[in-house]
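*Asks:* Compact mmCIF, C-alpha atoms and all ligand atoms, saved as run-v5.txt, coming up:
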# COMPACT_ATOMS: atom_id res chain seq x y z
CA MET A 101 151.53 153.72 49.51
CA GLN A 102 153.47 153.80 52.76
CA PRO A 103 157.10 153.23 51.71
CA LYS A 104 159.45 151.10 53.76
CA ARG A 105 161.58 153.73 55.34
CA HIS A 106 165.23 152.98 54.99
CA THR A 107 167.13 156.01 56.24
CA MET A 108 170.55 157.21 55.12
CA ARG A 109 172.45 160.15 56.59
CA ILE A 110 175.17 161.61 54.38
CA PRO A 111 177.47 164.26 55.87
CA LEU A 112 177.94 166.90 53.18
CA GLY A 113 181.13 168.39 54.61
CA LYS A 114 184.20 166.82 56.20
CA GLY A 115 184.05 168.00 59.85
CA ASN A 116 181.95 166.51 62.67
CA ASP A 117 179.61 169.50 62.50
CA ALA A 118 179.02 169.02 58.74
CA GLN A 119 175.52 169.53 57.45
CA THR A 120 173.75 166.19 57.01
CA LEU A 121 171.59 165.13 54.07
CA VAL A 122 168.87 162.77 55.31
CA LEU A 123 167.26 160.41 52.81
CA GLU A 124 164.32 158.07 53.34
CA TYR A 125 163.43 155.57 50.63
CA ASP A 126 162.04 152.16 49.79
CA PRO A 127 164.87 150.22 48.10
CA LEU A 128 162.29 148.10 46.25
CA ALA A 129 160.75 151.21 44.68
CA VAL A 130 163.71 153.49 43.91
CA TYR A 131 167.45 153.29 43.31
CA ALA A 132 169.02 153.21 46.78
CA PRO A 133 171.89 155.73 46.97
CA THR A 134 175.29 154.07 46.58
CA ALA A 135 178.67 155.13 47.98
CA TYR A 136 180.47 154.86 44.63
CA SER A 137 178.04 156.95 42.56
CA SER A 138 175.45 158.90 44.58
CA VAL A 139 177.73 159.75 47.52
CA LEU A 140 180.77 160.25 45.26
CA LEU A 141 179.06 163.09 43.41
CA VAL A 142 177.09 164.75 46.17
CA ARG A 143 180.11 164.98 48.50
CA ASN A 144 182.54 166.25 45.88
CA ILE A 145 180.52 168.67 43.84
CA ASP A 146 181.22 172.38 44.08
CA VAL A 147 177.91 174.28 44.33
CA GLN A 148 177.70 178.05 43.82
CA PRO A 149 174.98 180.14 45.53
CA ASP A 150 173.62 181.32 42.19
CA ASP A 151 173.54 177.85 40.65
CA VAL A 152 170.39 176.86 38.81
CA ALA A 153 170.68 173.09 38.56
CA LEU A 154 169.08 170.24 36.65
CA ASP A 155 169.22 166.70 38.11
CA LEU A 156 168.49 164.03 35.47
CA GLY A 157 167.34 160.70 36.96
CA THR A 158 166.88 161.99 40.49
CA GLY A 159 165.92 158.67 42.16
CA SER A 160 165.76 159.30 45.90
CA GLY A 161 166.55 162.97 45.22
CA VAL A 162 170.07 162.63 46.62
CA TYR A 163 171.63 165.12 44.18
CA ALA A 164 168.69 167.55 43.93
CA VAL A 165 168.26 167.77 47.70
CA GLY A 166 172.02 167.75 48.39
CA ILE A 167 172.64 170.55 45.90
CA ALA A 168 169.76 172.61 47.31
CA LEU A 169 171.09 172.06 50.86
CA ARG A 170 174.48 173.27 49.69
CA GLY A 171 172.90 176.52 48.59
CA ALA A 172 171.84 176.27 44.93
CA ARG A 173 169.23 178.90 44.12
CA ARG A 174 166.90 176.55 42.25
CA VAL A 175 166.87 172.89 41.16
CA VAL A 176 164.74 171.01 38.62
CA ALA A 177 164.67 167.25 39.30
CA VAL A 178 163.57 164.82 36.56
CA ASP A 179 162.82 161.12 36.69
CA ILE A 180 160.87 158.78 34.46
CA HIS A 181 159.39 156.88 37.42
CA GLU A 182 156.65 158.28 39.62
CA SER A 183 157.94 156.36 42.68
CA ALA A 184 161.27 158.21 42.39
CA LEU A 185 159.58 161.61 42.16
CA GLU A 186 157.39 160.85 45.19
CA THR A 187 160.44 159.77 47.18
CA ALA A 188 162.52 162.76 46.07
CA GLN A 189 159.67 165.15 46.94
CA HIS A 190 159.41 163.55 50.39
CA ASN A 191 163.16 163.96 50.90
CA ALA A 192 163.04 167.59 49.79
CA GLU A 193 160.41 168.22 52.49
CA LEU A 194 162.37 166.23 55.07
CA ASN A 195 165.43 168.43 54.46
CA ASP A 196 163.38 171.62 54.27
CA VAL A 197 164.39 172.56 50.73
CA SER A 198 161.20 171.75 48.81
CA ALA A 199 160.55 175.45 48.03
CA ARG A 200 163.66 175.47 45.81
CA ILE A 201 163.12 172.18 43.94
CA GLN A 202 160.68 171.51 41.12
CA PHE A 203 159.93 167.90 40.19
CA ARG A 204 159.09 166.83 36.66
CA ARG A 205 158.26 163.44 35.22
CA GLY A 206 159.68 162.39 31.86
CA SER A 207 162.65 161.03 29.97
CA MET A 208 165.93 162.93 30.30
CA PHE A 209 165.53 166.42 28.69
CA ASP A 210 161.94 165.80 27.44
CA PRO A 211 160.26 167.74 30.31
CA ILE A 212 162.71 170.65 29.87
CA GLY A 213 161.65 173.56 27.66
CA ASP A 214 163.76 174.34 24.56
CA ASP A 215 164.90 177.65 26.02
CA GLU A 216 165.40 176.50 29.64
CA LYS A 217 169.06 176.80 30.64
CA PHE A 218 171.03 175.77 33.72
CA SER A 219 174.42 176.56 35.21
CA LEU A 220 174.80 172.96 36.39
CA ILE A 221 173.47 169.64 35.11
CA VAL A 222 174.09 166.58 37.30
CA SER A 223 173.36 162.95 36.61
CA ASN A 224 174.06 159.40 37.66
CA PRO A 225 172.58 158.08 34.42
CA PRO A 226 171.21 154.54 34.01
CA CYS A 227 174.23 152.61 32.74
CA LEU A 228 173.54 148.87 32.90
CA PRO A 229 174.31 147.16 29.57
CA ASP A 230 171.15 145.38 28.44
CA PRO A 231 171.57 141.88 26.99
CA GLY A 232 167.87 142.01 26.09
CA ASP A 233 166.93 138.65 27.61
CA ILE A 234 167.38 139.12 31.33
CA ASP A 235 164.65 139.51 33.93
CA LEU A 236 165.78 142.00 36.57
CA MET A 237 164.31 143.54 39.69
CA ILE A 238 164.96 147.08 40.92
CA PRO A 239 167.54 148.54 40.71
CA GLY A 240 168.32 146.61 37.50
CA THR A 241 165.12 147.51 35.64
CA ILE A 242 165.61 151.23 36.20
CA MET A 243 169.29 151.13 35.25
CA LEU A 244 169.13 149.49 31.81
CA SER A 245 170.59 151.72 29.12
CA GLY A 246 170.78 150.02 25.73
CA PRO A 247 173.01 147.10 24.69
CA ASP A 248 176.25 148.90 25.69
CA GLY A 249 174.88 150.77 28.76
CA ALA A 250 175.74 154.14 27.24
CA HIS A 251 172.36 155.32 25.90
CA HIS A 252 171.43 157.77 28.70
CA ALA A 253 174.95 159.22 29.06
CA THR A 254 175.00 159.77 25.28
CA VAL A 255 171.72 161.72 25.49
CA LEU A 256 173.17 163.69 28.41
CA LEU A 257 176.30 164.69 26.48
CA GLU A 258 174.60 165.25 23.12
CA GLN A 259 171.65 167.31 24.39
CA GLY A 260 173.25 168.90 27.48
CA PRO A 261 174.99 171.85 25.79
CA ALA A 262 171.65 173.22 24.49
CA HIS A 263 170.49 173.54 28.11
CA LEU A 264 173.61 175.07 29.64
CA LEU A 265 174.13 178.75 30.40
CA PRO A 266 177.47 180.23 29.29
CA GLU A 267 180.16 178.77 31.62
CA GLY A 268 177.70 176.05 32.64
CA ARG A 269 178.94 172.55 33.43
CA ILE A 270 177.78 168.94 33.46
CA VAL A 271 178.89 166.84 36.43
CA PHE A 272 178.19 163.12 36.18
CA VAL A 273 179.37 159.71 37.31
CA TYR A 274 180.16 156.93 34.86
CA PRO A 275 181.42 153.32 34.99
CA SER A 276 184.06 151.68 32.81
CA THR A 277 181.73 148.76 32.04
CA SER A 278 179.47 150.86 29.75
CA ASN A 279 181.28 151.71 26.52
CA PRO A 280 183.67 154.28 28.02
CA ARG A 281 185.38 154.74 24.64
CA LYS A 282 182.12 156.12 23.23
CA ILE A 283 181.55 158.45 26.20
CA PHE A 284 185.15 159.70 26.33
CA GLY A 285 185.01 160.08 22.54
CA LEU A 286 182.05 162.45 22.93
CA LEU A 287 183.85 164.27 25.75
CA ASP A 288 187.04 164.66 23.67
CA GLN A 289 185.06 165.93 20.71
CA HIS A 290 182.67 168.39 22.34
CA TYR A 291 183.90 169.23 25.85
CA GLU A 292 186.75 170.36 28.03
CA TYR A 293 186.64 168.07 31.01
CA ASP A 294 188.31 166.96 34.24
CA ILE A 295 188.10 163.64 36.00
CA LEU A 296 187.47 164.82 39.57
CA ALA A 297 187.71 161.34 41.10
CA GLU A 298 188.29 157.73 40.08
CA ILE A 299 187.46 154.69 42.21
CA ASP A 300 187.40 150.93 41.64
CA ILE A 301 184.48 148.87 42.92
CA PRO A 302 183.79 145.13 42.80
CA PHE A 303 180.90 143.81 40.72
CA TYR A 304 177.76 143.17 42.77
CA LEU A 305 174.20 142.09 42.05
CA HIS A 306 173.31 142.74 38.41
CA PHE A 307 176.89 143.26 37.32
CA LEU A 308 177.69 139.74 38.55
CA GLU A 309 174.54 138.46 36.83
CA LEU A 310 175.75 140.11 33.60
CA TRP A 311 179.37 138.97 33.98
CA ASP A 312 179.25 136.70 30.90
CA TYR A 313 177.66 139.40 28.76
CA LEU A 314 180.19 141.97 30.01
CA ARG A 315 183.03 139.60 29.09
CA ASP A 316 181.63 139.49 25.55
CA LEU A 317 181.47 143.30 25.48
CA LYS A 318 185.02 143.48 26.87
CA ALA A 319 186.28 141.21 24.07
CA GLN A 320 184.77 143.73 21.60
CA ASP A 321 186.38 146.69 23.44
CA ILE A 322 182.93 147.95 24.54
CA SER A 323 183.39 147.30 28.26
CA GLU A 324 186.37 147.65 30.59
CA PHE A 325 186.98 145.89 33.90
CA HIS A 326 189.78 144.08 35.64
CA GLU A 327 190.17 141.28 38.16
CA LYS A 328 191.80 141.33 41.58
CA ALA A 329 192.06 138.00 43.41
CA GLY A 330 189.54 136.59 40.93
CA VAL A 331 186.99 139.31 41.69
CA PRO A 332 185.88 141.57 38.82
CA TYR A 333 186.19 145.33 39.44
CA ARG A 334 184.93 148.24 37.41
CA THR A 335 186.16 151.81 37.57
CA TYR A 336 183.82 154.70 38.37
CA TRP A 337 184.65 158.22 37.26
CA LEU A 338 183.31 161.54 38.54
CA ILE A 339 183.55 163.89 35.56
CA GLU A 340 183.05 167.64 35.21
CA ALA A 341 182.58 168.76 31.60
CA ARG A 342 182.11 172.15 29.92
CA PRO A 343 181.14 172.43 26.24
CA LYS A 344 183.98 173.63 24.03
CA PRO A 345 183.41 177.23 22.93
C1 LIG B 401 171.40 155.18 38.65
S1 LIG B 401 169.88 155.84 39.23
C2 LIG B 401 170.43 157.36 39.99
C3 LIG B 401 169.53 157.89 41.09
C4 LIG B 401 170.15 159.02 41.91
N1 LIG B 401 170.50 160.17 41.08
C5 LIG B 401 171.36 158.53 42.65
O1 LIG B 401 172.48 158.91 42.27
O2 LIG B 401 171.22 157.78 43.62
C6 LIG B 401 169.14 156.36 37.70
C7 LIG B 401 167.79 157.04 37.83
O3 LIG B 401 167.35 157.40 36.51
C8 LIG B 401 165.97 157.14 36.39
N2 LIG B 401 165.69 156.95 34.96
C9 LIG B 401 165.72 155.81 34.22
N3 LIG B 401 165.46 156.09 32.94
C10 LIG B 401 165.26 157.43 32.86
C11 LIG B 401 164.96 158.34 31.80
N4 LIG B 401 164.81 157.91 30.55
N5 LIG B 401 164.82 159.64 32.10
C12 LIG B 401 164.96 160.11 33.36
N6 LIG B 401 165.24 159.30 34.41
C13 LIG B 401 165.40 157.99 34.16
C14 LIG B 401 165.71 155.93 37.24
O4 LIG B 401 164.35 155.86 37.64
C15 LIG B 401 166.68 156.18 38.41
O5 LIG B 401 166.05 156.89 39.44
Step by step, read the file and then write its structure as structure tokens.
*Replies:*
Amino acid sequence: MQPKRHTMRIPLGKGNDAQTLVLEYDPLAVYAPTAYSSVLLVRNIDVQPDDVALDLGTGSGVYAVGIALRGARRVVAVDIHESALETAQHNAELNDVSARIQFRRGSMFDPIGDDEKFSLIVSNPPCLPDPGDIDLMIPGTIMLSGPDGAHHATVLLEQGPAHLLPEGRIVFVYPSTSNPRKIFGLLDQHYEYDILAEIDIPFYLHFLELWDYLRDLKAQDISEFHEKAGVPYRTYWLIEARPKP
């Protein structure tokens, strides 16, 4: 398949001479990188030269390629969809870092060996609450994550510690619409964590389509959002978490 080549150029540093991450992708085949999640993490993450990283749900490869460009020694990138892995592999080649990234197909930690450990796990997990009766197109179909939207982040936080080296950390983005009490409950219980950034973004596309359902979840304290000038906004957090000793 010859993908439609949308191209995005993300400066990784702040100055005019900053290194640029170049991504090509077909937005009808993979999750197109977004400012509030993909860019938020890849521009703010601190990468160490000896980092061995795992990217869960790589999509276009934005995190895997960005982290490799910023000097990580080795990256394993996982996605459940073949189209994402093909796109991410293409982007690794485009940015000349394919020798340091391994691509694996499967669900979350399934393609990771029991004794494989990483110094850094990154993820922008699927987080769309699933009412169960809605017909969505990409990116909706690849973002569904159980009735409250928290399924994949729960797997990340429950299974992550078994795959972290001592001092290892999980860095992920998460929205307030997807049972944040559950996710922050897990963080409070098992991790020491910092919120590195917090931004508010208006609902768009599927979040508008799910507005009614999200209102129901909000009434049950399972979803959080607020309105400004009649427009619903959700909060996105960039979180760095280390398992409690
Ligand atoms: C929100 S997108 C994030 C993509 C990319 N990391 C970014 O930030 O632009 C979530 C990604 O997770 C993938 N995905 C969905 N279910 C998955 C699963 N069970 N295991 C691994 N990846 C999954 C989707 O195909 C999609 O590429």
*Asks:* Return as a Markdown table the residues of chain A lying at most 9 Å from ligand LIG 401 (chain B), together with the closest atom-to-atom pair for each and the distance in Å to one decimal, counting all atoms listed in the file, with rows in chain order and ascending residue number.
*Replies:*
| residue | atom | partner | partner_atom | distance |
| --- | --- | --- | --- | --- |
| A:Val130 | CA | B:LIG401 | O5 | 6.1 |
| A:Tyr131 | CA | B:LIG401 | S1 | 5.4 |
| A:Ala132 | CA | B:LIG401 | O2 | 6.0 |
| A:Pro133 | CA | B:LIG401 | O2 | 4.0 |
| A:Thr134 | CA | B:LIG401 | O2 | 6.3 |
| A:Ser137 | CA | B:LIG401 | O1 | 5.9 |
| A:Ser138 | CA | B:LIG401 | O1 | 3.8 |
| A:Val139 | CA | B:LIG401 | O1 | 7.5 |
| A:Leu140 | CA | B:LIG401 | O1 | 8.9 |
| A:Leu141 | CA | B:LIG401 | O1 | 7.9 |
| A:Val142 | CA | B:LIG401 | O1 | 8.4 |
| A:Asp155 | CA | B:LIG401 | N1 | 7.3 |
| A:Leu156 | CA | B:LIG401 | C12 | 5.7 |
| A:Gly157 | CA | B:LIG401 | O3 | 3.3 |
| A:Thr158 | CA | B:LIG401 | N1 | 4.1 |
| A:Gly159 | CA | B:LIG401 | O5 | 3.3 |
| A:Ser160 | CA | B:LIG401 | C4 | 5.9 |
| A:Gly161 | CA | B:LIG401 | C4 | 6.3 |
| A:Val162 | CA | B:LIG401 | O2 | 5.8 |
| A:Tyr163 | CA | B:LIG401 | N1 | 5.9 |
| A:Ala164 | CA | B:LIG401 | N1 | 8.1 |
| A:Val178 | CA | B:LIG401 | C12 | 5.9 |
| A:Asp179 | CA | B:LIG401 | N6 | 3.8 |
| A:Ile180 | CA | B:LIG401 | N6 | 4.4 |
| A:His181 | CA | B:LIG401 | O4 | 5.1 |
| A:Glu182 | CA | B:LIG401 | O4 | 8.3 |
| A:Ser183 | CA | B:LIG401 | O4 | 8.2 |
| A:Ala184 | CA | B:LIG401 | O5 | 5.8 |
| A:Leu185 | CA | B:LIG401 | O5 | 8.5 |
| A:Arg205 | CA | B:LIG401 | C12 | 7.7 |
| A:Gly206 | CA | B:LIG401 | N5 | 5.8 |
| A:Ser207 | CA | B:LIG401 | N5 | 3.3 |
| A:Met208 | CA | B:LIG401 | N5 | 3.9 |
| A:Phe209 | CA | B:LIG401 | N5 | 7.6 |
| A:Asp210 | CA | B:LIG401 | N5 | 8.2 |
| A:Val222 | CA | B:LIG401 | N1 | 8.3 |
| A:Ser223 | CA | B:LIG401 | N1 | 6.0 |
| A:Asn224 | CA | B:LIG401 | C2 | 4.8 |
| A:Pro225 | CA | B:LIG401 | C6 | 5.1 |
| A:Pro226 | CA | B:LIG401 | C6 | 4.6 |
| A:Cys227 | CA | B:LIG401 | C1 | 7.0 |
| A:Leu228 | CA | B:LIG401 | C1 | 8.8 |
| A:Pro239 | CA | B:LIG401 | S1 | 7.8 |
| A:Thr241 | CA | B:LIG401 | C9 | 8.4 |
| A:Ile242 | CA | B:LIG401 | C14 | 4.8 |
| A:Met243 | CA | B:LIG401 | C1 | 5.7 |
| A:Leu244 | CA | B:LIG401 | C9 | 7.6 |
| A:Ser245 | CA | B:LIG401 | N3 | 7.7 |
| A:His252 | CA | B:LIG401 | N4 | 6.9 |
| A:Val273 | CA | B:LIG401 | O1 | 8.5 |
*Asks:* Using atom CA of A:Glu258 and atom CA of A:Tyr336 as the two end points, give the distance in Å to one decimal.
*Replies:* 20.7 Å
*Asks:* Leaving out A:Tyr333 and any residue of its chain fewer than 6 positions from it, which residues lie within 12 Å of it when counting only C-alpha atoms, given as an NGL selection string?
*Replies:* :A and (275-277 or 299-304 or 307-308 or 311 or 314 or 323-327)
*Asks:* I'd like the neighbourhood of A:Arg105 as a PyMOL selection string, where a residue qualifies if any of its atoms comes within 7 Å (using all atoms listed in the file), though same-chain residues fewer than 4 positions away should be ignored.
*Replies:* chain A and resi 124-126
*Asks:* Given the choices A:Met237, A:Ile339, A:Ala192, A:Val197, which gets closest to A:Leu257 if the distance is worked out from all atoms listed in the file?
*Replies:*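 Of the candidates, the smallest distance to A:Leu257 is held by A:Ile339.
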*Asks:* If I put a ball of radius 12 Å at (179.7, 164.2, 54.1) in the file's coordinates, which residues poke into it when counting only C-alpha atoms, written as a list in words?
*Replies:* Met108, Arg109, Ile110, Pro111, Leu112, Gly113, Lys114, Gly115, Asn116, Asp117, Ala118, Gln119, Thr120, Leu121, Val122, Ala135, Ser138, Val139, Leu140, Leu141, Val142, Arg143, Asn144, Ile145, Gly166 and Arg170 of chain A
*Asks:* Can you work out the spacing between atom CA of A:Tyr313 and atom CA of A:Asp230 in Å, to one decimal?
*Replies:*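 Interatomic distance here is 8.8 Å.
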*Asks:* Have a look at A:Arg315, A:Arg173, A:Arg204, A:Lys344 and name the one nearest to A:Leu220; count all atoms listed in the file.
*Replies:*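 Among A:Arg315, A:Arg173, A:Arg204, A:Lys344, it is A:Arg173 that comes nearest to A:Leu220.
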*Asks:* Would you list the residues near (170.5, 175.7, 46.5), meaning any protein, DNA or RNA residue with an atom at most 10 Å from that point in file coordinates, counting all atoms listed in the file, as a list in words?
*Replies:*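 Nearby residues: Val147, Gln148, Pro149, Asp150, Asp151, Val152, Ala153, Ala164, Val165, Gly166, Ile167, Ala168, Leu169, Arg170, Gly171, Ala172, Arg173, Arg174, Val175, Val197, Arg200 and Ile201 of chain A.
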*Asks:* Please save C-alpha atoms of the selected residues as a PDB file, keeping the file's coordinate frame.
*Replies:*
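See selection_2.pdb below for the written result:
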ATOM      1  CA  VAL A 147     177.910 174.280  44.330  1.00  0.00           C
ATOM      2  CA  GLN A 148     177.700 178.050  43.820  1.00  0.00           C
ATOM      3  CA  PRO A 149     174.980 180.140  45.530  1.00  0.00           C
ATOM      4  CA  ASP A 150     173.620 181.320  42.190  1.00  0.00           C
ATOM      5  CA  ASP A 151     173.540 177.850  40.650  1.00  0.00           C
ATOM      6  CA  VAL A 152     170.390 176.860  38.810  1.00  0.00           C
ATOM      7  CA  ALA A 153     170.680 173.090  38.560  1.00  0.00           C
ATOM      8  CA  ALA A 164     168.690 167.550  43.930  1.00  0.00           C
ATOM      9  CA  VAL A 165     168.260 167.770  47.700  1.00  0.00           C
ATOM     10  CA  GLY A 166     172.020 167.750  48.390  1.00  0.00           C
ATOM     11  CA  ILE A 167     172.640 170.550  45.900  1.00  0.00           C
ATOM     12  CA  ALA A 168     169.760 172.610  47.310  1.00  0.00           C
ATOM     13  CA  LEU A 169     171.090 172.060  50.860  1.00  0.00           C
ATOM     14  CA  ARG A 170     174.480 173.270  49.690  1.00  0.00           C
ATOM     15  CA  GLY A 171     172.900 176.520  48.590  1.00  0.00           C
ATOM     16  CA  ALA A 172     171.840 176.270  44.930  1.00  0.00           C
ATOM     17  CA  ARG A 173     169.230 178.900  44.120  1.00  0.00           C
ATOM     18  CA  ARG A 174     166.900 176.550  42.250  1.00  0.00           C
ATOM     19  CA  VAL A 175     166.870 172.890  41.160  1.00  0.00           C
ATOM     20  CA  VAL A 197     164.390 172.560  50.730  1.00  0.00           C
ATOM     21  CA  ARG A 200     163.660 175.470  45.810  1.00  0.00           C
ATOM     22  CA  ILE A 201     163.120 172.180  43.940  1.00  0.00           C
TER      23      ILE A 201
END
*Asks:* Taking 6 positions as the minimum chain separation for residues in the same chain, which residues sit within 8 Å of A:Glu292 when counting only C-alpha atoms? Answer as JSON, numbers by chain.
*Replies:* {"A": [341, 342, 343, 344]}
*Asks:* Could you state the separation of atom CA of A:Leu296 and atom CA of A:Ile270 in Å, given to one decimal place?
*Replies:* 12.2 Å
*Asks:* With distances taken over all atoms listed in the file, which of A:Asp235, A:Glu298, A:Glu186, A:Asp312 is nearest to A:Pro332?
*Replies:*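 Using all atoms listed in the file, the shortest distance to A:Pro332 belongs to A:Asp312.
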*Asks:* Could you check which of A:Leu194, A:Ile322, A:Leu154, A:Val271 is closest to A:Tyr291, using all atoms listed in the file?
*Replies:*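 Going through A:Leu194, A:Ile322, A:Leu154, A:Val271 one by one, the smallest distance to A:Tyr291 is for A:Val271.
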